[in-house]
Structures are given as structure tokens and as C-alpha cells.
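Enquirer: Handing you a structure now.
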Amino acid sequence: MASFSSFMKDFLGAGQSLPEDPAARTQAEIKNRLKATKKQKPDRRAVVVFGLGQFGTTLVKQLQDNGVQVLGIDVDPQKVQSASKFLDHVVCADATKTEVFNDLGIEEFSKAFVAIAGDLAASVLIVSSLAKIGGIEIWAKAADDEQGTILQQLGVAPAHIFYPNKDIARRAARLLIQAFEDYIELGYGYALVKMTIPHKYVGFTLRDLAVVEHTSLSVLATLSAEGQWQPARGSTVLKTGQTVLVVGKPQDLSKLTAA
């Protein structure tokens with residue numbers, strides 16, 4: 001099986017780079033190039049991302065920076081041109097059109113992220129097409145709970161739906177009202193926090209702390225003076241000003257900073 005990189009090289013044309021105007025790559029050109037390489041399929045580990053707005057652009061950049069092969073798709077030529085400056089594989093196409101969706105060989109991808117929240121119709125159409133194919137792990141961005149409910153009805157797992165505005169606001173609220181350096185909701189009623197050890201716990205080992213032993217809390221790691229994270233153990237002695245990573249239920253985490 002050919003690699004995704006080889007597939008996209010043939011897809012764009014040997015020795016060619018993205019044109020100055022992404023819109024110049026018409027649906028006919030896409031179809032013709034794919035017909036010529038129909039036996040070459042993308043790497044099943046690759047991810048396809050629909051929508052290259054601020055969220056989608058950040059997503060594809062992070063994925064590519066972490067070694068994941070990504071195909072970015074957007075209907076806006078300017079967004080595609082901007083993404084082409086750092087993204088290896090990007091296509092200007094309207095993925096709500098059945099023929100374009102089929103021509104791009106989306107069925108060969110194992111994961112897809114629909115990063116289109118502002119256009120409900122487009123989001124629903126693309127997710128519906130992905131669901132009909134089957135076998136693709138679908139992730140999506142939602143603007144509100146209503147859109148999230150619709151996405152779930154289409155088959156997107158609740159844990160695979162992101163609510164950027166709501167999630168950021170809730171995280172900000174936690175950071176404001178409690179002495180956490182960072183707060184990340186993990187789902188299923190648990191969260192991960194980065195915090196400085198309160199003075200009342202200094203000098204104790206983790207085994208000594210009843211607040212840890214009798215709650216959902218677990219101290220995962222401590223930050224050394226050299227700036228290295230080290231696994232926490234029952235014998236770990238907590239020090240003044242030490243930074244730790246703690247996981248637990250929000251109500252138990254709040255006890256760590258309670259007076």
C-alpha cells in the first residue's frame with residue numbers, strides 16, 4: 001500500500017506545488033488526478049480535517065507538528081492558501097457535495113474532524129456523509145449544546161464533540177476561583193490540575209495525606225528543581241513551592257485550595 005505522502009504527491013501532480021490560486025484546482029482536476037492514482041490509498045493513520053478556520057488551522061498544525069499526516073479541506077480559497085504555507089496536504093473543495101466527498105477518497109481515512117461550527121448545515125452534511133461511509137472515527141466542533149445534540153444523533157460520540165467557547169470559559173472560571181496554574185477537564189467527572197502545594201501540606205508524604213487517601217484525588221507527578229516531571233509515590237515528601245499534577249473529581253480538587 002502506498003504511503004499517504006506518495007498519494008498526495010500524485011494527487012497534486014508530480015513535481016508540482018500548490019498553485020497561487022487554490023481555486024484553480026477545479027473538481028475536474030481533482031477527479032482526474034485521483035483516477036490516475038486510484039490504486040494508491042492514504043495511510044490509514046492519517047487524519048482528514050474539514051474546515052480551516054482558526055480552530056481547524058490550529059488543529060492541523062498541531063497534528064502535523066506531532067508527526068501525523070493530515071489532509072485539510074476548506075471551501076474558502078483564501079483559507080486554503082493560508083494553510084498551504086505550513087500544511088503539506090490541503091485541498092480547496094466543497095465537501096458538502098457528494099461527488100467531491102467521494103472523489104477525495106475520504107473512506108480511506110480512519111479519523112475525521114469536522115471543525116465547522118458556524119455553518120450548521122455544512123457540519124450536518126459532512127458528518128452525515130462520514131457516518132454513511134462507516135468505519136471512520138468522527139470528531140467534531142460544536143458552537144452550542146443544540147448543535148452538539150444534533151451531532152450525537154448523527155452518531156458522533158459525546159466525548160468526541162468539542163465546545164471551544166464553553167470549555168474555555170469553564171476552564172477560566174476554575175482558574176479564577178481556585179489557586180490552580182492550569183485546569184483541564186478530562187471528562188467522566190474528572191479533571192487534571194497543575195498547582196503549587198499549599199503550605200498546610202508541606203512536609204507530609206503523599207501517604208500521610210488523608211485528603212488524598214480518602215477522596216478521588218491522585219497526585220500523578222511532581223516538578224523537580226531542574227524542571228523535570230517525576231512520578232509521584234507514596235513516599236514522596238511535599239516541599240514548599242513545589243508544583244504537582246493532581247487528578248480527581250472537581251469537588252475533591254477544590255479541597256486542596258480550601259482554607
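Identifiers in this document derive from the order of the C-alpha cells: chains are assigned A, B, ..., residues are numbered from 1 separately in each chain, and ligands are numbered from 1 in order of occurrence.
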Considering only C-alpha atoms, return as a list of chain:residue names whatever protein or nucleic-acid residues lie within 6 Å of range 177-191 of chain A, sequence-local ones (same chain, fewer than 6 positions apart) excluded.

Expert: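 Neighbouring residues, sequence-local ones excluded: A:Val247, A:Gly248, A:Lys249.
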
Enquirer: To test your reading of the structure, identify every residue in range 40-142 of chain A that backbone DSSP assigns to strand (DSSP E or B), and report it as a list in words.

Expert: Val47, Val48, Val49, Phe50, Val70, Leu71, Gly72, Ile73, Asp74, Val90, Val91, Cys92, Lys111, Ala112, Phe113, Val114, Glu137, Ile138, Trp139, Ala140 and Lys141 of chain A

Enquirer: Write the selection just made, keeping N, CA and C atoms, as a compact mmCIF listing (two decimals), in the first residue's frame?

Expert:
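Just written: again-v3.txt:
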```txt
# COMPACT_ATOMS: atom_id res chain seq x y z
N VAL A 47 -5.27 11.70 9.18
CA VAL A 47 -6.50 12.37 9.63
C VAL A 47 -6.93 13.39 8.60
N VAL A 48 -8.22 13.45 8.33
CA VAL A 48 -8.76 14.48 7.44
C VAL A 48 -9.52 15.49 8.30
N VAL A 49 -9.25 16.76 8.06
CA VAL A 49 -9.88 17.84 8.83
C VAL A 49 -10.69 18.72 7.88
N PHE A 50 -11.97 18.86 8.17
CA PHE A 50 -12.85 19.71 7.37
C PHE A 50 -13.00 21.06 8.07
N VAL A 70 -1.81 14.79 7.65
CA VAL A 70 -3.12 15.44 7.67
C VAL A 70 -3.52 15.95 6.30
N LEU A 71 -4.79 15.79 5.98
CA LEU A 71 -5.36 16.41 4.79
C LEU A 71 -6.35 17.45 5.28
N GLY A 72 -6.12 18.72 4.93
CA GLY A 72 -7.02 19.80 5.30
C GLY A 72 -7.90 20.18 4.12
N ILE A 73 -9.18 20.39 4.39
CA ILE A 73 -10.14 20.72 3.33
C ILE A 73 -10.97 21.93 3.74
N ASP A 74 -11.09 22.88 2.82
CA ASP A 74 -11.95 24.04 3.07
C ASP A 74 -12.46 24.56 1.73
N VAL A 90 -3.32 20.05 1.42
CA VAL A 90 -4.51 20.87 1.61
C VAL A 90 -5.25 20.99 0.29
N VAL A 91 -6.58 20.96 0.35
CA VAL A 91 -7.41 20.97 -0.84
C VAL A 91 -8.53 21.99 -0.70
N CYS A 92 -8.79 22.73 -1.77
CA CYS A 92 -9.92 23.65 -1.81
C CYS A 92 -11.09 22.92 -2.47
N LYS A 111 -9.79 8.49 10.72
CA LYS A 111 -10.31 9.53 11.61
C LYS A 111 -10.60 10.80 10.83
N ALA A 112 -11.67 11.48 11.24
CA ALA A 112 -12.04 12.75 10.60
C ALA A 112 -12.48 13.73 11.68
N PHE A 113 -12.09 14.99 11.50
CA PHE A 113 -12.53 16.04 12.43
C PHE A 113 -13.26 17.11 11.62
N VAL A 114 -14.52 17.34 11.98
CA VAL A 114 -15.33 18.36 11.32
C VAL A 114 -15.25 19.63 12.17
N GLU A 137 -13.72 7.14 12.54
CA GLU A 137 -13.92 7.74 13.86
C GLU A 137 -14.14 9.23 13.67
N ILE A 138 -15.34 9.68 14.02
CA ILE A 138 -15.72 11.07 13.76
C ILE A 138 -15.58 11.94 15.00
N TRP A 139 -14.89 13.06 14.83
CA TRP A 139 -14.77 14.09 15.86
C TRP A 139 -15.34 15.38 15.29
N ALA A 140 -15.85 16.24 16.15
CA ALA A 140 -16.46 17.47 15.62
C ALA A 140 -16.45 18.61 16.63
N LYS A 141 -16.55 19.79 16.09
CA LYS A 141 -16.64 21.01 16.88
C LYS A 141 -18.09 21.48 16.86
```

Enquirer: Fewer than 4 positions away in the same chain doesn't count, so skip those; otherwise give me all residues within 8 Å of Val202 in chain A, counting only C-alpha atoms, as a PDB file with N, CA, C and O atoms, in the first residue's frame.

Expert:
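Written output follows (around.pdb):
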```pdb
ATOM      1  N   ILE A 197       1.849  23.335  45.775  1.00  0.00           N
ATOM      2  CA  ILE A 197       1.427  22.706  47.025  1.00  0.00           C
ATOM      3  C   ILE A 197       1.074  23.773  48.074  1.00  0.00           C
ATOM      4  O   ILE A 197       1.894  24.662  48.366  1.00  0.00           O
ATOM      5  N   PRO A 198      -0.130  23.719  48.639  1.00  0.00           N
ATOM      6  CA  PRO A 198      -0.496  24.653  49.713  1.00  0.00           C
ATOM      7  C   PRO A 198       0.420  24.438  50.930  1.00  0.00           C
ATOM      8  O   PRO A 198       0.887  23.315  51.176  1.00  0.00           O
ATOM      9  N   VAL A 237       7.857  13.273  49.524  1.00  0.00           N
ATOM     10  CA  VAL A 237       7.667  14.322  50.524  1.00  0.00           C
ATOM     11  C   VAL A 237       7.393  15.646  49.800  1.00  0.00           C
ATOM     12  O   VAL A 237       8.160  16.051  48.918  1.00  0.00           O
ATOM     13  N   LEU A 238       6.305  16.300  50.159  1.00  0.00           N
ATOM     14  CA  LEU A 238       5.925  17.555  49.522  1.00  0.00           C
ATOM     15  C   LEU A 238       6.734  18.709  50.104  1.00  0.00           C
ATOM     16  O   LEU A 238       6.899  18.809  51.330  1.00  0.00           O
ATOM     17  N   LYS A 239       7.212  19.577  49.192  1.00  0.00           N
ATOM     18  CA  LYS A 239       8.097  20.668  49.600  1.00  0.00           C
ATOM     19  C   LYS A 239       7.464  22.027  49.341  1.00  0.00           C
ATOM     20  O   LYS A 239       6.558  22.162  48.525  1.00  0.00           O
ATOM     21  N   THR A 240       7.969  23.022  50.006  1.00  0.00           N
ATOM     22  CA  THR A 240       7.481  24.391  49.847  1.00  0.00           C
ATOM     23  C   THR A 240       7.634  24.858  48.400  1.00  0.00           C
ATOM     24  O   THR A 240       8.711  24.719  47.808  1.00  0.00           O
TER      25      THR A 240
END
```

Enquirer: Rounded to one decimal in Å, what is the spacing between CA of Thr243 in chain A and CA of Pro164 in chain A?

Expert: 27.2 Å

Enquirer: Which residue out of A:Ile126, A:Leu223, A:Ile136, A:Ala142 has the minimum interatomic distance to Thr196 in chain A when only C-alpha atoms are used?

Expert: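 Comparing A:Ile126, A:Leu223, A:Ile136, A:Ala142 against Thr196 in chain A, the winner is A:Leu223.
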